[in-house]
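Since the structure comes first, as structure tokens, the remarks are kept for the end.
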Amino acid sequence: MNEHDLSWADAHPGSGPFLGEIYSLAFVRGVTPLDALRRAGGLQDTLADRTPGEIAETHDYDDGYPEVVSAFGLGEWAVLVQPTGFSLTHVVDALSRGTEAVAVLRHDYASPNFTHAVHGTVTTWFNLNYPEQRGGEDPDRLLPLMLEAGFDHPDDDDDDDESWRLRYEEPVARALRLTTLITGVLPTFDQVTASLPSMHVDTWFSRTKPSRGSRSEVAALVTELGVGDTPGLADALAAADRGEPVVVAQDSDLGRHVREWSTLARRASWSLNDPGARYRLSDGERTRGHRFGQLVPALAAAFRSDLA
């Protein structure tokens with residue numbers, strides 16, 4: 001494969017070089033690969049070189065279905081690769097703080113998308129199959145480049161059969177061509193599938209804008225789950241009530257508990273689609289895991305009022 005070959009981007013099993021039916025790539029200007037991983041919520045005690053195959057092998061109940069992201073440098077950009085997940089698309093604002101970031105998501109079972117952010121603000125995002133559905137602070141900012149990349153007339157509402165067919169042909173390759181027009185770099189298949197420095201990531205530890213949650217929801221969930229005596233939690237909530245931003249270190253007592261709660265939530269969710277693990281949790285345990293999945297983002301909203 002040559003360096004400009006993007007046939008792998010939309011490939012399917014057996015059709016040639018294949019990364020996956022779900023994966024995300026992100027590009028961050030002017031930072032090191034390890035700094036980009038930390039911005040994404042990388043857990044530093046999990047740093048190791050891994051291939052996409054090795055990452056896929058950890059996506060199981062016993063390992064807690066971790067989100068794993070790899071990184072390498074390309075020109076002035078750090079490139080992040082998440083071969084089995086999509087959390088990178090949720091932290092583009094955090095990746096871009098003080099700089100610029102781009103993320104591309106392939107997701108054959110949901111919404112493939114493109115996101116561009118500058119200095120902590122998402123400027124433009126759109127669905128790769130429906131580029132007329134754009135959002136962000138400046139939805140039209142990338143229109144000329146979108147056309148150049150092959151998103152033909154993204155505001156056309158032509159609904160003939162040929163137009164609809166073209167929407168679904170090589171959308172990820174078009175998104176990567178758009179990325180190249182912005183960044184000036186284009187990763188090869190060999191680069192994104194190499195053994196690379198990687199970390200488990202928990203987006204709770206990124207500086208992304210909180211998505212949901214309220215102080216009253218936190219109080220109710222803490223009481224329901226019986227975690228009010230968690231070391232550091234009461235002090236952190238008191239500081240948040242005073243309007244102070246709260247930073248929780250990954251290796252602090254509270255940080256370790258948040259990581260455990262995130263793992264419980266992932267097990268409750270992912271095991272439903274894992275035939276070998278579906279019945280390893282009772283209904284009560286799964287419900288409790290789902291409730292931790294509500295508590296964790298609610299805490300993020302309570303602790304990061306400066307980002308809300």
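In the structure tokens, the first chain shown is A, the next is B, and so on; residue numbers restart at 1 for each chain, and ligands run from 1 in the order shown.
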Quick one: everything within 12 Å of Gly136 in chain A, counting only C-alpha atoms, minus sequence neighbours fewer than 2 positions away in the same chain. Send it as a PyMOL selection string.
chain A and resi 92-93+114-118+120-126+133-134+138-142
Limited to N, CA, C and O atoms, could you put the picked residues into a file as a PDB file, in the first residue's frame?
ATOM      1  N   VAL A  92     -12.971  15.839  21.988  1.00  0.00           N
ATOM      2  CA  VAL A  92     -12.248  16.692  21.031  1.00  0.00           C
ATOM      3  C   VAL A  92     -12.041  18.083  21.609  1.00  0.00           C
ATOM      4  O   VAL A  92     -11.018  18.721  21.374  1.00  0.00           O
ATOM      5  N   ASP A  93     -13.016  18.576  22.387  1.00  0.00           N
ATOM      6  CA  ASP A  93     -12.828  19.894  23.009  1.00  0.00           C
ATOM      7  C   ASP A  93     -11.638  19.875  23.960  1.00  0.00           C
ATOM      8  O   ASP A  93     -10.812  20.802  23.969  1.00  0.00           O
ATOM      9  N   PHE A 114     -17.461  13.424  11.992  1.00  0.00           N
ATOM     10  CA  PHE A 114     -16.236  14.226  11.916  1.00  0.00           C
ATOM     11  C   PHE A 114     -16.405  15.397  12.880  1.00  0.00           C
ATOM     12  O   PHE A 114     -17.472  16.016  12.931  1.00  0.00           O
ATOM     13  N   THR A 115     -15.355  15.709  13.646  1.00  0.00           N
ATOM     14  CA  THR A 115     -15.406  16.830  14.588  1.00  0.00           C
ATOM     15  C   THR A 115     -14.122  17.623  14.515  1.00  0.00           C
ATOM     16  O   THR A 115     -13.026  17.047  14.486  1.00  0.00           O
ATOM     17  N   HIS A 116     -14.254  18.936  14.482  1.00  0.00           N
ATOM     18  CA  HIS A 116     -13.103  19.850  14.479  1.00  0.00           C
ATOM     19  C   HIS A 116     -13.277  20.827  15.630  1.00  0.00           C
ATOM     20  O   HIS A 116     -14.381  21.336  15.875  1.00  0.00           O
ATOM     21  N   ALA A 117     -12.209  21.072  16.383  1.00  0.00           N
ATOM     22  CA  ALA A 117     -12.282  21.980  17.534  1.00  0.00           C
ATOM     23  C   ALA A 117     -11.023  22.819  17.625  1.00  0.00           C
ATOM     24  O   ALA A 117      -9.932  22.392  17.228  1.00  0.00           O
ATOM     25  N   VAL A 118     -11.181  24.030  18.150  1.00  0.00           N
ATOM     26  CA  VAL A 118     -10.068  24.954  18.343  1.00  0.00           C
ATOM     27  C   VAL A 118     -10.204  25.573  19.732  1.00  0.00           C
ATOM     28  O   VAL A 118     -11.285  26.047  20.108  1.00  0.00           O
ATOM     29  N   GLY A 120     -10.583  24.506  22.721  1.00  0.00           N
ATOM     30  CA  GLY A 120     -11.612  24.013  23.620  1.00  0.00           C
ATOM     31  C   GLY A 120     -13.034  24.149  23.136  1.00  0.00           C
ATOM     32  O   GLY A 120     -13.967  23.786  23.865  1.00  0.00           O
ATOM     33  N   THR A 121     -13.231  24.646  21.917  1.00  0.00           N
ATOM     34  CA  THR A 121     -14.576  24.833  21.378  1.00  0.00           C
ATOM     35  C   THR A 121     -14.743  24.031  20.090  1.00  0.00           C
ATOM     36  O   THR A 121     -13.909  24.125  19.189  1.00  0.00           O
ATOM     37  N   VAL A 122     -15.809  23.257  20.017  1.00  0.00           N
ATOM     38  CA  VAL A 122     -16.101  22.522  18.788  1.00  0.00           C
ATOM     39  C   VAL A 122     -16.603  23.514  17.745  1.00  0.00           C
ATOM     40  O   VAL A 122     -17.638  24.155  17.932  1.00  0.00           O
ATOM     41  N   THR A 123     -15.860  23.654  16.668  1.00  0.00           N
ATOM     42  CA  THR A 123     -16.239  24.589  15.613  1.00  0.00           C
ATOM     43  C   THR A 123     -17.226  23.970  14.642  1.00  0.00           C
ATOM     44  O   THR A 123     -18.202  24.592  14.249  1.00  0.00           O
ATOM     45  N   THR A 124     -16.955  22.713  14.243  1.00  0.00           N
ATOM     46  CA  THR A 124     -17.803  22.048  13.247  1.00  0.00           C
ATOM     47  C   THR A 124     -17.853  20.556  13.517  1.00  0.00           C
ATOM     48  O   THR A 124     -16.820  19.944  13.799  1.00  0.00           O
ATOM     49  N   TRP A 125     -19.027  19.979  13.445  1.00  0.00           N
ATOM     50  CA  TRP A 125     -19.168  18.523  13.445  1.00  0.00           C
ATOM     51  C   TRP A 125     -20.252  18.152  12.445  1.00  0.00           C
ATOM     52  O   TRP A 125     -21.150  18.951  12.164  1.00  0.00           O
ATOM     53  N   PHE A 126     -20.149  16.961  11.879  1.00  0.00           N
ATOM     54  CA  PHE A 126     -21.195  16.495  10.979  1.00  0.00           C
ATOM     55  C   PHE A 126     -21.154  14.985  10.852  1.00  0.00           C
ATOM     56  O   PHE A 126     -20.125  14.344  11.099  1.00  0.00           O
ATOM     57  N   GLN A 133     -26.164  17.789   7.872  1.00  0.00           N
ATOM     58  CA  GLN A 133     -26.501  17.857   9.290  1.00  0.00           C
ATOM     59  C   GLN A 133     -25.245  18.257  10.062  1.00  0.00           C
ATOM     60  O   GLN A 133     -24.504  17.424  10.553  1.00  0.00           O
ATOM     61  N   ARG A 134     -25.017  19.555  10.152  1.00  0.00           N
ATOM     62  CA  ARG A 134     -23.800  20.065  10.783  1.00  0.00           C
ATOM     63  C   ARG A 134     -24.147  20.843  12.050  1.00  0.00           C
ATOM     64  O   ARG A 134     -25.239  21.374  12.186  1.00  0.00           O
ATOM     65  N   ASP A 138     -19.340  27.107  14.369  1.00  0.00           N
ATOM     66  CA  ASP A 138     -19.243  27.632  13.001  1.00  0.00           C
ATOM     67  C   ASP A 138     -19.486  26.492  12.014  1.00  0.00           C
ATOM     68  O   ASP A 138     -18.547  25.996  11.392  1.00  0.00           O
ATOM     69  N   PRO A 139     -20.729  26.054  11.850  1.00  0.00           N
ATOM     70  CA  PRO A 139     -21.019  24.850  11.066  1.00  0.00           C
ATOM     71  C   PRO A 139     -20.542  24.903   9.620  1.00  0.00           C
ATOM     72  O   PRO A 139     -20.265  23.865   9.020  1.00  0.00           O
ATOM     73  N   ASP A 140     -20.447  26.105   9.054  1.00  0.00           N
ATOM     74  CA  ASP A 140     -20.071  26.226   7.646  1.00  0.00           C
ATOM     75  C   ASP A 140     -18.583  26.488   7.440  1.00  0.00           C
ATOM     76  O   ASP A 140     -18.141  26.661   6.294  1.00  0.00           O
ATOM     77  N   ARG A 141     -17.828  26.495   8.500  1.00  0.00           N
ATOM     78  CA  ARG A 141     -16.412  26.856   8.411  1.00  0.00           C
ATOM     79  C   ARG A 141     -15.647  25.973   7.422  1.00  0.00           C
ATOM     80  O   ARG A 141     -14.768  26.456   6.706  1.00  0.00           O
ATOM     81  N   LEU A 142     -15.966  24.698   7.372  1.00  0.00           N
ATOM     82  CA  LEU A 142     -15.183  23.757   6.577  1.00  0.00           C
ATOM     83  C   LEU A 142     -15.818  23.426   5.226  1.00  0.00           C
ATOM     84  O   LEU A 142     -15.319  22.547   4.522  1.00  0.00           O
TER      85      LEU A 142
END
Taking the backbone alone, and naming residues the way the document does, which bits of range 90-122 of chain A are helix (DSSP H, G or I) by DSSP, as a VMD selection string?
chain A and resid 90 92 to 95
Selected residues, N, CA, C and O atoms, written as a PDB file, in the first residue's frame, please.
ATOM      1  N   HIS A  90     -15.731  12.114  21.893  1.00  0.00           N
ATOM      2  CA  HIS A  90     -16.385  12.821  22.993  1.00  0.00           C
ATOM      3  C   HIS A  90     -15.452  13.799  23.714  1.00  0.00           C
ATOM      4  O   HIS A  90     -15.903  14.533  24.598  1.00  0.00           O
ATOM      5  N   VAL A  92     -12.971  15.839  21.988  1.00  0.00           N
ATOM      6  CA  VAL A  92     -12.248  16.692  21.031  1.00  0.00           C
ATOM      7  C   VAL A  92     -12.041  18.083  21.609  1.00  0.00           C
ATOM      8  O   VAL A  92     -11.018  18.721  21.374  1.00  0.00           O
ATOM      9  N   ASP A  93     -13.016  18.576  22.387  1.00  0.00           N
ATOM     10  CA  ASP A  93     -12.828  19.894  23.009  1.00  0.00           C
ATOM     11  C   ASP A  93     -11.638  19.875  23.960  1.00  0.00           C
ATOM     12  O   ASP A  93     -10.812  20.802  23.969  1.00  0.00           O
ATOM     13  N   ALA A  94     -11.508  18.803  24.747  1.00  0.00           N
ATOM     14  CA  ALA A  94     -10.381  18.698  25.675  1.00  0.00           C
ATOM     15  C   ALA A  94      -9.059  18.552  24.924  1.00  0.00           C
ATOM     16  O   ALA A  94      -8.042  19.140  25.309  1.00  0.00           O
ATOM     17  N   LEU A  95      -9.057  17.786  23.846  1.00  0.00           N
ATOM     18  CA  LEU A  95      -7.833  17.621  23.054  1.00  0.00           C
ATOM     19  C   LEU A  95      -7.373  18.948  22.479  1.00  0.00           C
ATOM     20  O   LEU A  95      -6.166  19.181  22.306  1.00  0.00           O
TER      21      LEU A  95
END
Take CA of Asn273 in chain A and CA of Arg288 in chain A and report the distance between them in Å, one decimal.
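Going from CA of Asn273 in chain A over to CA of Arg288 in chain A covers 17.7 Å.
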Using DSSP assignments from the backbone, pull out every residue in range 185-236 of chain A that falls under strand (DSSP E or B) and give it to me as a ChimeraX atom specification.
/A:196-201
If we count only C-alpha atoms, what is near range 195-198 of chain A at a cut-off of 6 Å, once residues fewer than 6 positions away on the same chain are taken out, given as a list in words?
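The residues that qualify are Leu47, Ala48, Asp49, Arg50, Thr51, Val69, Ser70 and Ala71 of chain A.
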Of the listed residues A:Ala103, A:Ile55, A:Leu143, A:Val201, that which approaches Ala78 in chain A most closely, counting only C-alpha atoms:
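The answer is A:Ala103, which sits nearest to Ala78 in chain A.
In this comparison, which uses only C-alpha atoms, the residue of A:Leu225, A:Leu6, A:Ala194, A:Leu25 approaching Pro52 in chain A most closely is A:Ala194.
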Excluding same-chain residues fewer than 5 positions from Val247 in chain A, what lies within 10 Å of it counting only C-alpha atoms, as a ChimeraX atom specification?
/A:205,207,236,255,300,303-304
When distances are computed from only C-alpha atoms, which of A:His200, A:Arg29, A:Arg242, A:Lys209 shows the smallest separation from Val79 in chain A?
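Ranked by minimum distance to Val79 in chain A, first place goes to A:Arg29.
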Have a look at CA of Leu176 in chain A and CA of Pro66 in chain A and let me know their distance in Å, one decimal.
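That distance, rounded to one decimal, is 25.8 Å.
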Minimum-distance residue to Ser252 in chain A, chosen among A:Gly98, A:Pro231, A:Leu181, A:His12 (using only C-alpha atoms)
A:Pro231
All residues 7 Å or closer to Ser271 in chain A, only C-alpha atoms, same chain fewer than 5 positions away omitted, as number ranges by chain:
A: 61, 277-278
Residues of the last selection are to be written out with all heavy atoms, as a PDB file, in the first residue's frame.
ATOM      1  N   TYR A  61     -14.933  -9.171  29.845  1.00  0.00           N
ATOM      2  CA  TYR A  61     -15.462  -8.939  31.188  1.00  0.00           C
ATOM      3  C   TYR A  61     -14.349  -8.864  32.228  1.00  0.00           C
ATOM      4  O   TYR A  61     -14.330  -7.957  33.080  1.00  0.00           O
ATOM      5  CB  TYR A  61     -16.441 -10.053  31.544  1.00  0.00           C
ATOM      6  CG  TYR A  61     -17.132  -9.845  32.870  1.00  0.00           C
ATOM      7  CD1 TYR A  61     -18.348  -9.191  32.933  1.00  0.00           C
ATOM      8  CD2 TYR A  61     -16.561 -10.316  34.058  1.00  0.00           C
ATOM      9  CE1 TYR A  61     -18.985  -9.000  34.165  1.00  0.00           C
ATOM     10  CE2 TYR A  61     -17.185 -10.129  35.278  1.00  0.00           C
ATOM     11  CZ  TYR A  61     -18.396  -9.460  35.324  1.00  0.00           C
ATOM     12  OH  TYR A  61     -19.017  -9.258  36.539  1.00  0.00           O
ATOM     13  N   ALA A 277     -20.470 -13.461  28.952  1.00  0.00           N
ATOM     14  CA  ALA A 277     -20.482 -12.730  30.221  1.00  0.00           C
ATOM     15  C   ALA A 277     -21.853 -12.223  30.618  1.00  0.00           C
ATOM     16  O   ALA A 277     -22.016 -11.675  31.703  1.00  0.00           O
ATOM     17  CB  ALA A 277     -19.513 -11.542  30.133  1.00  0.00           C
ATOM     18  N   ARG A 278     -22.821 -12.404  29.753  1.00  0.00           N
ATOM     19  CA  ARG A 278     -24.146 -11.819  29.979  1.00  0.00           C
ATOM     20  C   ARG A 278     -24.722 -12.174  31.343  1.00  0.00           C
ATOM     21  O   ARG A 278     -25.361 -11.352  32.002  1.00  0.00           O
ATOM     22  CB  ARG A 278     -25.099 -12.270  28.880  1.00  0.00           C
ATOM     23  CG  ARG A 278     -26.465 -11.625  28.948  1.00  0.00           C
ATOM     24  CD  ARG A 278     -27.354 -12.085  27.807  1.00  0.00           C
ATOM     25  NE  ARG A 278     -28.639 -11.409  27.844  1.00  0.00           N
ATOM     26  CZ  ARG A 278     -28.916 -10.278  27.230  1.00  0.00           C
ATOM     27  NH1 ARG A 278     -27.969  -9.670  26.532  1.00  0.00           N
ATOM     28  NH2 ARG A 278     -30.114  -9.729  27.308  1.00  0.00           N
TER      29      ARG A 278
END
Give me, please, the distance in Å between CA of Gly41 in chain A and CA of Ser262 in chain A, quoted to one decimal.
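Separating CA of Gly41 in chain A from CA of Ser262 in chain A is a distance of 12.5 Å.
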